[in-house]
Amino acid sequence: MRSIRRAVRRAYRRTVDLSHPARSPLGSSVMNCVVYEDGVRQPGPRSVEQAVRRVRRSGRGFVWLGLHEPSEEEFGGIAELFELDPPVGRDAAHAHRRPKVESYGDTLLAVFKTCRYVEHTELTATSEVVDTGEILVLTGTDFVITVRRGPHGSLGPLREALEESPEQLAKGPSAVLHAVADRLVDDFLTVADALQDDVDHVEAVVFTEPATRRESGMIYQLKRELLELRRAVAPLDRPLHTLATAPLAPVAPDVRPYFRDVADHRTRVVEQIAAHDALLDSILQAHLAQLTVAQNEDMRRITAWAAIIAVPTMVCGVYGMNFDHMPELRWTYGYPLALGVIAVACFLIHRGFRRNGWL
């Protein structure tokens with residue numbers, strides 16, 4: 001029945017015009033379109049329609065089509081050209097919030113998050129440290145469609161690396177799917193290693209400089225960026241487990257074990273993120289304790305100076321009541337004596353507070 005449906009759609013499918021970007025439903029979102037046979041890239045520039053026609057006429061190799069942020073109309077043309085089932089086209093035409101793997105018979109849809117470490121000269125409460133995007137991979141018996149959303153995560157270097165290993169590419173579209181997953185998880189490891197420097201910097205600032213509210217903002221910002229990375233990595237557990245163990249038609253049996261290694265790398269990233277987060281929690285608690293201690297020290301200083309100022313306030317208040325009959329009021333040395341008593345009393349109180357560490 002599936003073959004009959006494909007034949008009917010092929011008979012009634014309109015020709016896709018790729019000759020001019022303004023008329024092409026693919027527009028400018030097509031980054032690359034290559035035919036591979038026995039793991040070797042076939043020469044000659046060709047349109048997507050010609051590449052699909054060649055592979056399906058010969059029954060050998062597969063087409064690797066790379067897209068960047070296609071519109072719904074553009075991807076509709078792609079889905080029609082590759083004869084994708086409507087549910088596959090609808091699911092692949094939109095961005096996703098979480099990584100996932102969905103099987104649609106002979107077609108497999110895999111969604112991965114991309115991560116990039118954003119270089120910065122100084123970590124602040126508003127610094128962007130982790131930038132995320134998305135890569136969607138559609139694999140079938142004779143095609144791989146990669147859809148990249150976001151300014152980073154280019155698959156050009158990955159394509160070149162795979163072309164240097166024809167024996168791996170000869171395993172079919174599932175080899176490309178594994179290579180994409182492996183590269184993205186390696187990028188997660190790179191980002192996690194780079195975040196280690198930021199965590200070390202925050203730790204050094206907290207324990208070497210006087211505590212201020214600025215450090216709290218830095219710590220919270222770094223925890224938010226770690227959360228962004230965790231949202232990209234943590235949900236990969238189930239998709240990678242499915243790719244490594246489930247007998248999915250688009251995944252070749254000899255490629256399936258490779259996903260176990262990718263899952264192990266993903267576990268390392270999760271453990272590293274958890275370690276960073278736990279260390280930041282400890283740093284935050286230590287910083288809050290430092291702020292509390294600093295506030296207590298400020299209160300003690302204020303209290304000590306208030307006690308010292310209370311002495312002249314009391315003496316001046318008593319002699320400022322202007323009673324006629326007061327001791328030493330009309331004495332010649334009364335004024336110097338009062339000043340001397342105030343000075344000696346303030347000195348003794350100040351000395352006592354200094355000994356106790358209040359000043």
# chains A, B, ... in the order shown; residues from 1 in each chain; ligands from 1
$ select_by_dssp --residues "region 115-167 of chain A" --states "strand (DSSP E)" --output "PyMOL selection string"
chain A and resi 115-117+130-139+143-149
$ closest_atom_pairs --of "region 140-196 of chain A" --to "region 120-134 of chain A" --cutoff "9 Å" --atoms "only C-alpha atoms" --output "CSV"
residue,atom,partner,partner_atom,distance
A:Val147,CA,A:Glu134,CA,8.1
A:Arg148,CA,A:Glu134,CA,5.9
A:Arg149,CA,A:Glu134,CA,5.1
A:Gly150,CA,A:Gly133,CA,4.7
A:Pro151,CA,A:Gly133,CA,7.5
A:His152,CA,A:Gly133,CA,7.1
A:Gly153,CA,A:Gly133,CA,7.5
A:Val191,CA,A:Val130,CA,7.7
A:Leu195,CA,A:Val129,CA,8.1
$ select_by_dssp --residues "region 7-221 of chain A" --states "helix (DSSP H, G or I)" --output "PyMOL selection string"
chain A and resi 7-12+48-58+72-81+86-92+156-163+166-169+173-208+213-221
$ residues_around --residues "Pro173 (chain A)" --least-positions-apart "5" --cutoff "10 Å" --atoms "only C-alpha atoms" --output "MDAnalysis selection string"
chainID A and resid 36 61:64 137:145 178:179 250:252 255
$ atom_distance --atom1 "CA of Tyr220 (chain A)" --atom2 "CA of Leu279 (chain A)"
12.5 Å
$ closest_residue --among "A:Val205, A:Val180, A:Val35, A:Leu84" --to "Ala286 (chain A)" --atoms "only C-alpha atoms"
A:Val205
$ residues_around --residues "Asp38 (chain A)" --least-positions-apart "2" --cutoff "9 Å" --atoms "only C-alpha atoms" --output "ChimeraX atom specification"
/A:36,40-41,60-61,166-167,169-172
$ write_last_selection --atoms "all heavy atoms" --output "compact mmCIF listing (two decimals), in the first residue's frame"
# COMPACT_ATOMS: atom_id res chain seq x y z
N TYR A 36 25.63 10.61 -2.76
CA TYR A 36 26.71 9.71 -2.36
C TYR A 36 26.37 8.30 -2.84
O TYR A 36 25.25 7.81 -2.62
CB TYR A 36 26.90 9.71 -0.85
CG TYR A 36 27.37 11.04 -0.29
CD1 TYR A 36 26.46 11.97 0.19
CD2 TYR A 36 28.72 11.36 -0.27
CE1 TYR A 36 26.89 13.19 0.70
CE2 TYR A 36 29.15 12.57 0.23
CZ TYR A 36 28.23 13.48 0.71
OH TYR A 36 28.66 14.68 1.20
N VAL A 40 31.00 7.57 -1.62
CA VAL A 40 31.81 8.52 -2.39
C VAL A 40 30.90 9.60 -2.94
O VAL A 40 29.83 9.32 -3.50
CB VAL A 40 32.54 7.82 -3.55
CG1 VAL A 40 33.35 8.82 -4.36
CG2 VAL A 40 33.45 6.72 -2.99
N ARG A 41 31.32 10.83 -2.79
CA ARG A 41 30.55 11.97 -3.30
C ARG A 41 30.61 11.98 -4.82
O ARG A 41 31.68 11.91 -5.43
CB ARG A 41 31.12 13.27 -2.74
CG ARG A 41 30.44 14.53 -3.25
CD ARG A 41 30.96 15.73 -2.52
NE ARG A 41 30.28 16.96 -2.94
CZ ARG A 41 30.24 18.06 -2.21
NH1 ARG A 41 30.82 18.09 -1.03
NH2 ARG A 41 29.60 19.13 -2.65
N ARG A 60 20.80 3.22 -5.98
CA ARG A 60 22.06 3.17 -5.23
C ARG A 60 22.30 4.51 -4.54
O ARG A 60 21.91 5.57 -5.04
CB ARG A 60 23.23 2.90 -6.18
CG ARG A 60 23.16 1.57 -6.90
CD ARG A 60 24.33 1.46 -7.86
NE ARG A 60 25.61 1.71 -7.17
CZ ARG A 60 26.74 1.98 -7.82
NH1 ARG A 60 26.74 2.09 -9.14
NH2 ARG A 60 27.85 2.16 -7.14
N GLY A 61 22.95 4.46 -3.41
CA GLY A 61 23.35 5.67 -2.71
C GLY A 61 22.19 6.41 -2.07
O GLY A 61 21.08 5.90 -1.94
N PRO A 166 34.93 7.14 3.49
CA PRO A 166 33.89 6.58 2.61
C PRO A 166 33.28 5.30 3.15
O PRO A 166 32.09 5.04 2.92
CB PRO A 166 34.64 6.32 1.30
CG PRO A 166 35.89 7.11 1.37
CD PRO A 166 36.22 7.25 2.81
N GLU A 167 34.07 4.52 3.89
CA GLU A 167 33.53 3.26 4.42
C GLU A 167 32.43 3.53 5.43
O GLU A 167 31.48 2.74 5.56
CB GLU A 167 34.64 2.43 5.05
CG GLU A 167 35.30 3.02 6.29
CD GLU A 167 36.31 4.12 6.00
OE1 GLU A 167 36.56 4.37 4.80
OE2 GLU A 167 36.84 4.71 6.95
N LEU A 169 30.43 6.40 5.35
CA LEU A 169 29.32 6.92 4.57
C LEU A 169 28.61 5.83 3.79
O LEU A 169 27.41 5.93 3.51
CB LEU A 169 29.82 7.99 3.60
CG LEU A 169 29.71 9.45 4.07
CD1 LEU A 169 30.28 10.38 3.01
CD2 LEU A 169 28.28 9.82 4.40
N ALA A 170 29.34 4.76 3.44
CA ALA A 170 28.72 3.67 2.68
C ALA A 170 27.66 2.94 3.49
O ALA A 170 26.87 2.18 2.91
CB ALA A 170 29.80 2.69 2.22
N LYS A 171 27.63 3.15 4.79
CA LYS A 171 26.61 2.49 5.62
C LYS A 171 25.24 3.13 5.48
O LYS A 171 24.27 2.63 6.04
CB LYS A 171 27.06 2.50 7.09
CG LYS A 171 28.32 1.70 7.32
CD LYS A 171 28.78 1.77 8.77
CE LYS A 171 30.08 0.97 8.96
NZ LYS A 171 30.58 1.05 10.36
N GLY A 172 25.16 4.25 4.77
CA GLY A 172 23.86 4.83 4.46
C GLY A 172 23.51 6.05 5.28
O GLY A 172 24.33 6.59 6.03
$ atom_distance --atom1 "CA of Gly340 (chain A)" --atom2 "CA of Tyr319 (chain A)"
14.5 Å
